[in-house]
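Shown below: model20.txt, with compact mmCIF, C-alpha atoms and all ligand atoms.
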```
# COMPACT_ATOMS: atom_id res chain seq x y z
CA MET A 243 -27.98 -23.61 -53.64
CA LYS A 244 -29.26 -23.37 -57.18
CA LYS A 245 -28.10 -20.27 -58.99
CA LYS A 246 -30.97 -18.21 -60.33
CA ALA A 247 -31.02 -15.69 -63.13
CA THR A 248 -30.95 -12.30 -61.50
CA SER A 249 -31.13 -8.72 -62.63
CA LYS A 250 -28.41 -6.40 -61.38
CA SER A 251 -30.51 -4.70 -58.71
CA ILE A 252 -31.66 -7.91 -57.03
CA PRO A 253 -29.09 -10.17 -55.42
CA PRO A 254 -29.56 -13.91 -55.89
CA ALA A 255 -30.23 -14.15 -52.16
CA ARG A 256 -33.90 -13.47 -52.86
CA PRO A 257 -36.54 -15.54 -54.67
CA PHE A 258 -38.02 -12.38 -56.23
CA ILE A 259 -36.78 -11.92 -59.76
CA TYR A 260 -37.88 -10.08 -62.90
CA LYS A 261 -38.93 -11.87 -66.02
CA ASN A 262 -40.17 -9.79 -68.95
CA ARG A 263 -40.15 -6.79 -66.58
CA THR A 264 -42.59 -8.49 -64.23
CA LEU A 265 -41.60 -9.42 -60.70
CA LEU A 266 -42.04 -13.09 -59.84
CA CYS A 267 -41.86 -15.06 -56.63
CA ASP A 268 -40.41 -18.39 -57.77
CA SER A 269 -42.39 -18.71 -61.03
CA VAL A 270 -45.51 -16.80 -60.01
CA PRO A 271 -46.11 -13.15 -61.05
CA LEU A 272 -46.79 -11.00 -58.01
CA SER A 273 -49.40 -9.09 -60.03
CA SER A 274 -51.53 -12.23 -60.30
CA LEU A 275 -51.21 -12.83 -56.55
CA ALA A 276 -52.38 -9.26 -55.89
CA GLU A 277 -55.29 -9.84 -58.26
CA GLN A 278 -56.36 -13.04 -56.55
CA TYR A 279 -55.68 -12.29 -52.88
CA GLY A 280 -55.67 -8.49 -52.69
CA THR A 281 -53.12 -6.24 -50.98
CA PRO A 282 -51.34 -5.82 -48.65
CA LEU A 283 -50.21 -9.42 -48.98
CA TYR A 284 -47.29 -11.34 -47.52
CA VAL A 285 -45.75 -13.61 -50.14
CA TYR A 286 -43.26 -16.30 -49.10
CA SER A 287 -41.21 -18.68 -51.19
CA ALA A 288 -41.40 -22.15 -49.70
CA THR A 289 -38.58 -23.07 -52.06
CA GLN A 290 -36.22 -20.60 -50.46
CA ILE A 291 -37.21 -21.48 -46.89
CA SER A 292 -36.42 -25.13 -47.62
CA GLU A 293 -33.14 -24.19 -49.31
CA ARG A 294 -32.02 -22.13 -46.33
CA PHE A 295 -32.95 -24.91 -43.92
CA GLN A 296 -31.01 -27.41 -46.02
CA LEU A 297 -27.99 -25.06 -46.04
CA PHE A 298 -27.95 -25.34 -42.26
CA GLN A 299 -28.53 -29.09 -42.33
CA GLN A 300 -25.62 -29.62 -44.71
CA ALA A 301 -23.27 -27.23 -42.95
CA PHE A 302 -23.65 -29.10 -39.67
CA GLN A 303 -23.97 -32.61 -41.09
CA ASP A 304 -20.70 -33.74 -39.51
CA ARG A 305 -21.95 -33.26 -35.98
CA PRO A 306 -25.07 -34.40 -34.19
CA HIS A 307 -27.36 -31.38 -34.35
CA THR A 308 -30.94 -30.16 -34.50
CA VAL A 309 -31.97 -26.95 -36.21
CA CYS A 310 -34.71 -25.52 -33.98
CA TYR A 311 -36.37 -22.80 -36.06
CA ALA A 312 -37.21 -19.75 -33.91
CA VAL A 313 -41.00 -19.64 -34.26
CA LYS A 314 -41.22 -15.96 -33.34
CA ALA A 315 -39.61 -14.95 -36.63
CA ASN A 316 -42.66 -16.17 -38.53
CA PRO A 317 -45.15 -18.44 -36.77
CA SER A 318 -47.27 -19.27 -39.83
CA LEU A 319 -48.56 -22.83 -39.44
CA ALA A 320 -47.77 -23.51 -43.09
CA ILE A 321 -44.11 -22.53 -42.56
CA LEU A 322 -43.86 -24.56 -39.35
CA ARG A 323 -45.26 -27.57 -41.17
CA LEU A 324 -42.89 -27.11 -44.11
CA LEU A 325 -39.89 -27.07 -41.78
CA GLY A 326 -41.20 -29.68 -39.34
CA ARG A 327 -41.64 -32.19 -42.17
CA GLN A 328 -38.02 -31.69 -43.16
CA GLY A 329 -36.87 -32.55 -39.66
CA ALA A 330 -36.68 -29.18 -37.96
CA GLY A 331 -37.13 -28.72 -34.24
CA PHE A 332 -38.49 -25.47 -32.87
CA ASP A 333 -37.44 -22.76 -30.47
CA ILE A 334 -40.52 -21.40 -28.72
CA VAL A 335 -41.08 -18.62 -26.20
CA SER A 336 -44.71 -19.09 -25.17
CA GLY A 337 -47.54 -21.53 -24.69
CA GLY A 338 -49.04 -20.07 -27.86
CA GLU A 339 -46.02 -21.01 -29.93
CA LEU A 340 -46.07 -24.50 -28.40
CA GLU A 341 -49.67 -24.89 -29.56
CA ARG A 342 -48.68 -23.79 -33.06
CA VAL A 343 -45.99 -26.47 -33.23
CA ARG A 344 -48.51 -29.07 -32.06
CA ARG A 345 -51.00 -28.09 -34.75
CA ALA A 346 -48.43 -27.77 -37.51
CA HIS A 347 -46.38 -30.91 -36.95
CA LYS A 348 -46.99 -32.85 -33.75
CA PRO A 349 -43.95 -35.16 -33.99
CA ALA A 350 -41.73 -32.08 -33.66
CA LEU A 351 -42.87 -31.47 -30.07
CA LYS A 352 -40.06 -33.66 -28.82
CA LYS A 353 -37.59 -31.38 -30.60
CA VAL A 354 -38.82 -28.19 -28.95
CA VAL A 355 -36.65 -25.94 -26.79
CA PHE A 356 -38.53 -23.49 -24.62
CA SER A 357 -36.77 -20.13 -24.23
CA GLY A 358 -38.00 -16.83 -22.78
CA VAL A 359 -37.60 -14.84 -19.57
CA GLY A 360 -41.05 -15.05 -18.01
CA LYS A 361 -42.40 -18.57 -18.37
CA GLN A 362 -45.64 -19.10 -16.47
CA ALA A 363 -46.87 -22.22 -14.69
CA TRP A 364 -49.52 -23.03 -17.33
CA GLU A 365 -46.96 -22.77 -20.11
CA ILE A 366 -44.47 -24.95 -18.26
CA ASP A 367 -47.22 -27.53 -17.63
CA ALA A 368 -48.17 -27.59 -21.30
CA ALA A 369 -44.54 -28.05 -22.31
CA LEU A 370 -43.94 -30.82 -19.76
CA LYS A 371 -47.05 -32.66 -20.94
CA ALA A 372 -45.93 -32.27 -24.54
CA GLY A 373 -42.59 -33.89 -23.67
CA ILE A 374 -40.40 -31.13 -25.11
CA LEU A 375 -36.65 -31.59 -25.41
CA GLN A 376 -35.48 -28.95 -22.93
CA PHE A 377 -36.30 -25.79 -21.03
CA ASN A 378 -33.82 -22.96 -21.53
CA ILE A 379 -33.87 -21.46 -18.07
CA GLU A 380 -33.43 -17.73 -17.52
CA SER A 381 -33.23 -17.48 -13.70
CA GLU A 382 -32.91 -19.66 -10.62
CA GLN A 383 -36.46 -18.69 -9.62
CA GLU A 384 -37.74 -20.01 -12.95
CA LEU A 385 -35.83 -23.24 -12.41
CA GLY A 386 -37.61 -23.56 -9.05
CA LEU A 387 -40.97 -23.14 -10.75
CA VAL A 388 -40.11 -25.76 -13.39
CA ALA A 389 -39.09 -28.18 -10.61
CA ALA A 390 -42.36 -27.57 -8.77
CA ARG A 391 -44.47 -28.10 -11.89
CA ALA A 392 -42.48 -31.24 -12.84
CA GLN A 393 -43.07 -32.63 -9.36
CA ALA A 394 -46.79 -31.86 -9.59
CA LEU A 395 -46.98 -33.70 -12.94
CA LYS A 396 -44.59 -36.47 -11.83
CA VAL A 397 -42.22 -36.01 -14.75
CA ARG A 398 -38.58 -35.04 -14.98
CA ALA A 399 -37.72 -31.75 -16.68
CA ARG A 400 -34.62 -31.56 -18.86
CA PHE A 401 -33.10 -28.14 -18.61
CA ALA A 402 -30.27 -25.95 -19.87
CA LEU A 403 -29.31 -22.70 -18.23
CA ARG A 404 -29.26 -19.88 -20.73
CA VAL A 405 -26.04 -18.23 -19.73
CA ASN A 406 -25.17 -14.64 -20.37
CA PRO A 407 -21.60 -14.73 -21.69
CA ASP A 408 -21.08 -10.94 -21.57
CA VAL A 409 -20.21 -10.77 -25.28
CA PHE A 410 -21.05 -7.76 -27.44
CA ALA A 411 -22.91 -8.81 -30.57
CA GLU A 412 -22.52 -5.54 -32.51
CA THR A 413 -26.12 -5.24 -33.58
CA HIS A 414 -29.03 -2.87 -32.96
CA PRO A 415 -29.34 -2.20 -29.19
CA TYR A 416 -32.97 -3.43 -29.14
CA ILE A 417 -31.96 -6.87 -30.42
CA SER A 418 -28.66 -7.36 -28.60
CA THR A 419 -29.00 -9.69 -25.62
CA GLY A 420 -25.62 -11.07 -24.57
CA LEU A 421 -24.29 -8.34 -22.28
CA SER A 422 -24.59 -8.39 -18.50
CA GLU A 423 -26.71 -5.20 -18.69
CA HIS A 424 -29.47 -7.09 -20.57
CA LYS A 425 -32.39 -8.88 -18.94
CA PHE A 426 -31.47 -12.15 -20.63
CA GLY A 427 -29.65 -15.20 -19.32
CA ILE A 428 -27.86 -16.06 -16.12
CA ASP A 429 -24.40 -14.69 -15.32
CA ILE A 430 -22.09 -17.41 -16.58
CA LYS A 431 -19.97 -17.07 -13.42
CA ILE A 432 -22.76 -18.33 -11.14
CA ALA A 433 -24.10 -21.01 -13.48
CA ARG A 434 -22.02 -23.84 -12.02
CA ALA A 435 -23.42 -23.33 -8.52
CA ILE A 436 -26.97 -23.40 -9.89
CA TYR A 437 -26.39 -26.69 -11.74
CA ARG A 438 -24.98 -28.13 -8.50
CA ARG A 439 -28.05 -27.11 -6.51
CA ALA A 440 -30.45 -28.23 -9.27
CA ALA A 441 -28.87 -31.67 -9.53
CA LYS A 442 -30.16 -32.41 -6.03
CA SER A 443 -33.77 -32.27 -7.26
CA LYS A 444 -35.08 -35.55 -8.62
CA TRP A 445 -37.45 -33.55 -10.86
CA LEU A 446 -34.71 -31.71 -12.73
CA GLU A 447 -32.25 -33.16 -15.20
CA PRO A 448 -29.25 -30.95 -16.03
CA TYR A 449 -29.21 -31.59 -19.77
CA GLY A 450 -27.54 -28.72 -21.62
CA VAL A 451 -26.19 -25.22 -21.69
CA SER A 452 -27.66 -22.54 -23.92
CA VAL A 453 -26.64 -19.11 -25.12
CA HIS A 454 -28.15 -16.48 -27.42
CA ILE A 455 -26.35 -13.16 -27.85
CA GLY A 456 -28.70 -11.24 -30.12
CA SER A 457 -30.17 -10.99 -33.57
CA GLN A 458 -29.13 -9.70 -37.03
CA ILE A 459 -25.47 -10.36 -36.21
CA ARG A 460 -23.28 -9.97 -39.30
CA LYS A 461 -19.81 -10.56 -37.85
CA VAL A 462 -19.36 -14.14 -36.76
CA ASP A 463 -16.60 -13.64 -34.15
CA PRO A 464 -19.03 -12.90 -31.30
CA PHE A 465 -20.59 -16.35 -31.86
CA ALA A 466 -17.17 -17.96 -31.45
CA SER A 467 -16.39 -15.99 -28.28
CA ALA A 468 -19.75 -16.83 -26.70
CA LEU A 469 -19.41 -20.53 -27.51
CA GLU A 470 -15.85 -20.68 -26.19
CA ARG A 471 -17.19 -19.57 -22.82
CA VAL A 472 -20.03 -22.05 -22.98
CA THR A 473 -17.69 -24.87 -23.94
CA SER A 474 -15.42 -24.28 -20.97
CA LEU A 475 -18.45 -24.18 -18.68
CA VAL A 476 -19.59 -27.52 -20.13
CA ALA A 477 -16.17 -29.02 -19.34
CA GLU A 478 -16.46 -27.82 -15.75
CA LEU A 479 -19.98 -29.16 -15.44
CA ARG A 480 -18.82 -32.57 -16.69
CA ARG A 481 -16.06 -32.56 -14.09
CA ASP A 482 -18.75 -31.79 -11.52
CA GLY A 483 -20.50 -34.98 -12.63
CA HIS A 484 -23.34 -33.61 -14.74
CA ASN A 485 -24.20 -35.46 -17.91
CA ILE A 486 -24.44 -32.48 -20.27
CA ARG A 487 -25.83 -33.62 -23.63
CA THR A 488 -26.69 -30.46 -25.54
CA ILE A 489 -25.15 -27.12 -26.35
CA ASP A 490 -27.67 -24.65 -27.68
CA ALA A 491 -25.90 -21.93 -29.69
CA GLY A 492 -29.07 -19.82 -30.08
CA GLY A 493 -29.97 -17.90 -33.23
CA GLY A 494 -28.96 -14.52 -34.49
CA LEU A 495 -27.22 -15.04 -37.84
CA GLY A 496 -27.88 -11.91 -39.89
CA ILE A 497 -28.75 -11.27 -43.53
CA ASP A 498 -28.09 -8.32 -45.85
CA TYR A 499 -31.09 -6.03 -46.19
CA SER A 500 -29.37 -3.79 -48.73
CA ASP A 501 -29.13 -4.34 -52.48
CA ALA A 502 -25.48 -5.42 -52.20
CA PRO A 503 -24.77 -8.96 -53.36
CA PHE A 504 -25.17 -11.43 -50.52
CA ASP A 505 -24.22 -15.08 -50.55
CA PRO A 506 -26.16 -17.01 -47.93
CA ALA A 507 -24.11 -20.18 -48.42
CA HIS A 508 -20.92 -18.29 -47.67
CA GLN A 509 -22.49 -16.69 -44.61
CA VAL A 510 -23.48 -20.12 -43.26
CA GLU A 511 -19.94 -21.39 -43.92
CA ARG A 512 -18.44 -18.54 -41.91
CA TYR A 513 -20.96 -19.14 -39.13
CA THR A 514 -20.25 -22.88 -39.04
CA ALA A 515 -16.51 -22.21 -38.84
CA ALA A 516 -16.99 -19.74 -35.96
CA LEU A 517 -19.11 -22.24 -34.04
CA ALA A 518 -16.58 -25.01 -34.69
CA LYS A 519 -13.87 -22.75 -33.31
CA GLY A 520 -15.89 -22.03 -30.18
CA LEU A 521 -16.76 -25.70 -29.69
CA ALA A 522 -13.16 -26.94 -30.13
CA ASN A 523 -13.29 -30.70 -29.38
CA GLU A 524 -16.68 -30.62 -27.75
CA THR A 525 -19.04 -33.21 -29.24
CA ALA A 526 -22.31 -32.48 -27.43
CA HIS A 527 -25.49 -32.50 -29.53
CA LEU A 528 -25.61 -29.01 -31.05
CA LEU A 529 -28.88 -27.10 -31.06
CA LEU A 530 -29.29 -24.07 -33.31
CA GLU A 531 -32.12 -21.55 -33.22
CA PRO A 532 -32.07 -19.60 -36.49
CA GLY A 533 -35.12 -17.50 -37.27
CA ARG A 534 -34.41 -14.58 -39.57
CA PHE A 535 -31.82 -16.37 -41.69
CA LEU A 536 -34.31 -19.05 -42.73
CA VAL A 537 -37.33 -16.90 -43.57
CA ALA A 538 -36.51 -13.18 -43.94
CA GLN A 539 -35.40 -13.12 -47.55
CA ALA A 540 -38.02 -15.64 -48.62
CA GLY A 541 -40.75 -13.09 -47.95
CA ALA A 542 -41.99 -9.81 -49.36
CA LEU A 543 -44.83 -7.54 -48.42
CA LEU A 544 -46.77 -6.78 -51.57
CA THR A 545 -48.58 -3.45 -51.48
CA ARG A 546 -50.37 -1.06 -53.82
CA VAL A 547 -49.71 2.65 -54.14
CA VAL A 548 -52.85 4.50 -53.06
CA VAL A 549 -51.83 8.08 -53.72
CA ILE A 550 -48.75 10.18 -54.31
CA LYS A 551 -48.73 13.39 -52.34
CA LYS A 552 -46.38 16.38 -52.33
CA ASN A 553 -45.86 18.52 -49.24
CA GLY A 554 -43.47 21.37 -49.88
CA SER A 555 -40.33 19.81 -51.24
CA LYS A 556 -41.23 16.29 -50.10
CA THR A 557 -42.91 13.53 -52.05
CA PHE A 558 -44.87 10.86 -50.20
CA VAL A 559 -45.76 7.56 -51.82
CA ILE A 560 -48.68 6.34 -49.72
CA THR A 561 -49.26 2.59 -49.89
CA ASP A 562 -52.06 0.38 -48.66
CA ALA A 563 -49.61 -1.36 -46.28
CA ALA A 564 -48.61 0.40 -43.09
CA MET A 565 -46.55 0.11 -39.92
CA ASN A 566 -49.16 -2.21 -38.43
CA ASP A 567 -48.29 -4.72 -41.19
CA LEU A 568 -44.49 -4.28 -41.04
CA ILE A 569 -43.13 -2.31 -38.10
CA ARG A 570 -39.38 -2.89 -38.54
CA PRO A 571 -38.61 0.46 -40.24
CA ALA A 572 -40.56 2.39 -37.58
CA LEU A 573 -39.19 0.39 -34.64
CA TYR A 574 -35.54 -0.13 -35.58
CA HIS A 575 -35.10 2.27 -38.51
CA ALA A 576 -34.55 -0.94 -40.43
CA HIS A 577 -33.83 -0.71 -44.14
CA HIS A 578 -36.00 -2.72 -46.56
CA GLU A 579 -35.54 -2.54 -50.32
CA ILE A 580 -38.68 -1.45 -52.17
CA ILE A 581 -39.03 -2.40 -55.82
CA PRO A 582 -41.81 -2.10 -58.39
CA VAL A 583 -43.72 -5.17 -59.52
CA ARG A 584 -43.73 -3.91 -63.11
CA GLN A 585 -40.35 -2.60 -64.23
CA SER A 586 -40.78 0.42 -66.46
CA SER A 587 -38.58 0.85 -69.47
CA SER A 588 -37.80 4.48 -68.58
CA LYS A 589 -35.54 3.72 -65.59
CA GLY A 590 -36.71 6.99 -64.03
CA THR A 591 -36.53 7.38 -60.27
CA ILE A 592 -38.12 9.66 -57.71
CA THR A 593 -36.89 10.50 -54.24
CA ALA A 594 -39.71 9.94 -51.82
CA ASP A 595 -40.86 8.78 -48.43
CA VAL A 596 -42.77 5.52 -48.77
CA VAL A 597 -45.39 5.58 -46.04
CA GLY A 598 -48.60 3.93 -44.91
CA PRO A 599 -51.98 5.46 -44.08
CA VAL A 600 -51.63 5.10 -40.28
CA CYS A 601 -51.91 8.26 -38.18
CA GLU A 602 -48.31 8.39 -36.98
CA SER A 603 -45.30 10.16 -38.46
CA GLY A 604 -43.37 6.99 -37.63
CA ASP A 605 -45.48 5.11 -40.17
CA PHE A 606 -42.87 4.81 -42.90
CA PHE A 607 -41.12 2.10 -44.90
CA ALA A 608 -38.43 4.36 -46.37
CA ARG A 609 -37.40 7.98 -46.05
CA ASP A 610 -35.89 10.16 -48.76
CA ARG A 611 -35.29 7.05 -50.81
CA ALA A 612 -34.62 7.00 -54.55
CA ILE A 613 -37.14 4.48 -55.84
CA ALA A 614 -38.44 3.60 -59.27
CA GLN A 615 -41.01 6.02 -60.66
CA VAL A 616 -44.41 4.73 -59.53
CA ARG A 617 -47.97 5.87 -60.03
CA PRO A 618 -51.15 5.42 -57.99
CA GLY A 619 -52.43 1.89 -58.49
CA ASP A 620 -48.97 0.42 -59.08
CA LEU A 621 -47.79 -2.52 -57.03
CA VAL A 622 -44.51 -2.50 -55.10
CA ALA A 623 -42.76 -5.20 -53.10
CA ILE A 624 -41.09 -4.49 -49.77
CA LEU A 625 -38.34 -7.09 -49.63
CA ASP A 626 -36.87 -9.23 -46.83
CA ALA A 627 -40.13 -9.08 -44.91
CA GLY A 628 -40.45 -12.81 -44.16
CA ALA A 629 -39.06 -12.51 -40.62
CA TYR A 630 -40.51 -10.29 -37.91
CA GLY A 631 -43.01 -8.89 -40.40
CA MET A 632 -46.32 -10.65 -39.92
CA SER A 633 -45.23 -11.83 -36.46
CA LEU A 634 -44.99 -8.22 -35.25
CA SER A 635 -48.14 -7.05 -37.03
CA SER A 636 -51.12 -5.60 -35.22
CA ASN A 637 -54.61 -4.22 -35.76
CA TYR A 638 -53.53 -0.64 -35.04
CA ASN A 639 -55.96 1.84 -36.57
CA SER A 640 -58.41 -1.11 -36.74
CA ARG A 641 -56.71 -2.33 -39.87
CA PRO A 642 -57.19 -5.98 -40.79
CA ARG A 643 -53.99 -7.97 -40.85
CA PRO A 644 -52.82 -9.01 -44.34
CA ALA A 645 -53.27 -12.39 -45.96
CA GLU A 646 -50.26 -14.69 -46.43
CA VAL A 647 -49.46 -16.97 -49.35
CA LEU A 648 -46.79 -19.59 -49.81
CA VAL A 649 -45.34 -20.12 -53.27
CA GLU A 650 -43.47 -23.20 -54.38
CA GLY A 651 -42.42 -23.12 -58.01
CA LYS A 652 -45.69 -22.55 -59.84
CA LYS A 653 -47.86 -23.62 -56.94
CA VAL A 654 -49.55 -21.10 -54.67
CA SER A 655 -51.26 -21.88 -51.40
CA LEU A 656 -53.08 -19.58 -49.06
CA ALA A 657 -51.47 -19.77 -45.62
CA ARG A 658 -53.73 -17.25 -43.94
CA ARG A 659 -56.76 -15.45 -45.29
CA ARG A 660 -57.13 -11.72 -44.89
CA GLU A 661 -58.76 -10.76 -41.60
CA THR A 662 -62.30 -9.52 -41.73
CA MET A 663 -63.89 -6.87 -39.54
CA ARG A 664 -65.77 -9.71 -37.92
CA ASP A 665 -62.49 -11.41 -36.93
CA GLN A 666 -61.29 -8.18 -35.38
CA LEU A 667 -64.43 -7.55 -33.39
CA ALA A 668 -65.04 -11.13 -32.27
CA PRO A 669 -63.39 -10.91 -28.80
CA GLU A 670 -65.04 -7.60 -27.90
CA VAL A 671 -68.00 -7.28 -25.56
CA LEU A 672 -70.62 -4.56 -25.72
N1 LIG A 701 -33.36 -17.69 -29.94
C1 LIG A 701 -33.70 -16.75 -29.03
C2 LIG A 701 -33.61 -17.10 -27.61
C3 LIG A 701 -34.14 -15.48 -29.44
O1 LIG A 701 -34.46 -14.57 -28.54
C4 LIG A 701 -34.22 -15.19 -30.83
C5 LIG A 701 -34.68 -13.88 -31.29
C6 LIG A 701 -33.85 -16.20 -31.75
C7 LIG A 701 -33.43 -17.43 -31.27
C8 LIG A 701 -33.89 -16.00 -33.23
O2 LIG A 701 -33.01 -15.01 -33.64
P1 LIG A 701 -32.77 -14.76 -35.21
O3 LIG A 701 -32.05 -15.96 -35.77
O4 LIG A 701 -34.08 -14.55 -35.86
O5 LIG A 701 -31.93 -13.54 -35.24
N2 LIG A 701 -37.87 -8.20 -34.00
C9 LIG A 701 -36.45 -8.07 -34.23
C10 LIG A 701 -35.70 -9.34 -33.87
C11 LIG A 701 -35.94 -9.81 -32.46
C12 LIG A 701 -35.19 -11.09 -32.15
C13 LIG A 701 -35.65 -11.68 -30.87
N3 LIG A 701 -35.04 -12.93 -30.52
C14 LIG A 701 -36.23 -7.66 -35.67
O6 LIG A 701 -37.20 -7.50 -36.40
O7 LIG A 701 -35.10 -7.45 -36.09
```
Whole structure, structure tokens version:
Amino acid sequence: MKKKATSKSIPPARPFIYKNRTLLCDSVPLSSLAEQYGTPLYVYSATQISERFQLFQQAFQDRPHTVCYAVKANPSLAILRLLGRQGAGFDIVSGGELERVRRAHKPALKKVVFSGVGKQAWEIDAALKAGILQFNIESEQELGLVAARAQALKVRARFALRVNPDVFAETHPYISTGLSEHKFGIDIKIARAIYRRAAKSKWLEPYGVSVHIGSQIRKVDPFASALERVTSLVAELRRDGHNIRTIDAGGGLGIDYSDAPFDPAHQVERYTAALAKGLANETAHLLLEPGRFLVAQAGALLTRVVVIKKNGSKTFVITDAAMNDLIRPALYHAHHEIIPVRQSSSKGTITADVVGPVCESGDFFARDRAIAQVRPGDLVAILDAGAYGMSLSSNYNSRPRPAEVLVEGKKVSLARRRETMRDQLAPEVL
């Protein structure tokens, strides 16, 4: 990765840097983006998304692999197209995400893996017709449904069982998935019997084994442990006569949301080594499903301070963005760095809650945080918002969802215009 000039408070892991006290995304001042597109605004660096994708591509270049970007992290068509054109496959969890891949980059349909615990017949049909690579199956009942739909359409469905390896991923409980107490996956101990039964159907092709143990995982050992279990299952399945071609290692590689220095290349190296350890001599085609790692740090939510309010001893910085735009702090108590777009020379800070205008006490971006001194009208950037930001946004409080722009060097392109009231009301009937 290219080294960029960075100020002390912003690690090089992010494409947002100060030049002459003005915050830029790549080479574009965020103040000019706010001027042109309004706020709140999601700003993404296409440069960084490509760099992160290429980090993965290079790290795994010695083995046959496909990086299937997890669409749920950020389903923007512009981002899907950017990655699809560079050779990415996609991990989808709904018929809606399948349709997005089709619109963004049709040739990538054959590199799609379909995950998710409640696939419905219409979604399975759409995926079969699209000729996706494989279904990641979450239960024997679901496998039965896929077989029935494949028979109805007279095609063969390639499948992998998503096994639950009973490995603790050491992450937030809401985004940990690899323990037997979670709803995800099939107990690895009964997987072999299911492959045996499935192999009898001429509509099902046992094709791979998949695993996903959770998200925002910072230690890489759990990935190795999970893959070790998968690899020994694959060996057993081969002995049983199944031609297993793929191992899907899932997603989950974490980033650093704090202002500590973070080296993404090093993180990918550690991850690659852990997977290699888990895979031992296994040479199956490796599928990877990173979401957050590719897009989180490429994005910021740009927002304007509306008012600064004091209540007793507390100071509230109220912005024009709210929990409906970025729910991670409210939902997971997630930390996001918040920095001013114009750096003042005074270096003064205030301790404040940074909150939105939504009618909920949970509507906050930061609590009791020392942030740069800001005034009403100032712009601030909420960092690391490229993953699970816009994709978890809503119209709560009848707020229009923000616009999104993609920056590449000096070039800016609108990826999604700001919603209008008309957009919001369109499906309603009176
Ligand atoms: N594959 C599967 C089957 C998944 O369920 C997920 C994420 C991924 C891949 C991508 O994981 P990633 O590389 O992004 O960690 N909303 C939460 C994260 C939920 C993750 C859900 N599954 C957050 O904002 O932290």
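The nearest approach to ligand LIG 701 (chain A) among the residues A:Gln509, A:Ser274, A:Thr473, A:Ser452, with only C-alpha atoms and all ligand atoms taken into account, belongs to A:Ser452.
Atom CA of A:Arg400 lies 21.6 Å from atom C5 of ligand LIG 701 (chain A).
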Report, as JSON, the centre and edge lengths in Å (one decimal) of the axis-aligned box enclosing every listed atom of ligand LIG 701 (chain A), padded by 6 Å on each side.
```
{"center_x": -34.9, "center_y": -12.6, "center_z": -32.0, "size_x": 17.9, "size_y": 22.2, "size_z": 20.8}
```
Distance query A:Glu511 at most 7 Å, all atoms listed in the file, self and fewer than 4 positions along chain excluded, as a PyMOL selection string
chain A and resi 301+507+515
Contact residues around A:Ala372 with all atoms listed in the file at 9 Å, ignoring same-chain residues under 5 positions, as a PyMOL selection string
chain A and resi 340+344+351-352+367
All residues having an atom within 6 Å of ligand LIG 701 (chain A) (only C-alpha atoms and all ligand atoms) as a PDB file with C-alpha atoms, in the coordinates of the input:
```
ATOM      1  CA  ALA A 312     -37.210 -19.750 -33.910  1.00  0.00           C
ATOM      2  CA  ALA A 315     -39.610 -14.950 -36.630  1.00  0.00           C
ATOM      3  CA  SER A 357     -36.770 -20.130 -24.230  1.00  0.00           C
ATOM      4  CA  ILE A 417     -31.960  -6.870 -30.420  1.00  0.00           C
ATOM      5  CA  HIS A 454     -28.150 -16.480 -27.420  1.00  0.00           C
ATOM      6  CA  SER A 457     -30.170 -10.990 -33.570  1.00  0.00           C
ATOM      7  CA  GLN A 458     -29.130  -9.700 -37.030  1.00  0.00           C
ATOM      8  CA  GLY A 492     -29.070 -19.820 -30.080  1.00  0.00           C
ATOM      9  CA  GLY A 493     -29.970 -17.900 -33.230  1.00  0.00           C
ATOM     10  CA  GLY A 494     -28.960 -14.520 -34.490  1.00  0.00           C
ATOM     11  CA  LEU A 495     -27.220 -15.040 -37.840  1.00  0.00           C
ATOM     12  CA  GLU A 531     -32.120 -21.550 -33.220  1.00  0.00           C
ATOM     13  CA  PRO A 532     -32.070 -19.600 -36.490  1.00  0.00           C
ATOM     14  CA  GLY A 533     -35.120 -17.500 -37.270  1.00  0.00           C
ATOM     15  CA  ARG A 534     -34.410 -14.580 -39.570  1.00  0.00           C
ATOM     16  CA  PHE A 535     -31.820 -16.370 -41.690  1.00  0.00           C
ATOM     17  CA  ARG A 570     -39.380  -2.890 -38.540  1.00  0.00           C
ATOM     18  CA  TYR A 630     -40.510 -10.290 -37.910  1.00  0.00           C
TER      19      TYR A 630
END
```
Can you tell me, as an NGL selection string, what residues are no more than 9 Å from stretch 432-439 of chain A when counting only C-alpha atoms, ignoring any on the same chain fewer than 6 positions away?
:A and (382 or 403-405 or 448 or 475 or 478-479 or 482 or 484)
Go through A:Gln376, A:Ser633, A:Thr413, A:Thr557 and flag the residue nearest A:Gly450, using all atoms listed in the file for the distances.
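Smallest distance to A:Gly450 is found for A:Gln376.
Here atom CA of A:Leu517 and atom CA of A:Phe302 stand 10.0 Å from one another.
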From the list A:Ile291, A:Ile560, A:Asn378, A:Ala623, the nearest residue to A:Ile259 using all atoms listed in the file is A:Ala623
Pull the neighbourhood of (-21.7, -12.4, -30.4) for me: all residues within 6 Å in file coordinates, counting all atoms listed in the file, as an NGL selection string.
:A and (409-411 or 455 or 464-465)
Between atom CA of A:Glu293 and atom CA of A:Ala540, what is the distance, to one decimal in Å?
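Those two atoms sit 9.9 Å apart.
Nearest-residue note for A:Arg327: choosing from A:Ile497, A:Val343, A:Ile624, A:Ala563, the minimum distance belongs to A:Val343, counting all atoms listed in the file.
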Could you pull the residues within 8 Å of A:Phe607, counting only C-alpha atoms, minus those fewer than 3 positions along the same chain, as a PyMOL selection string?
chain A and resi 564-565+571-572+577-578+595-598
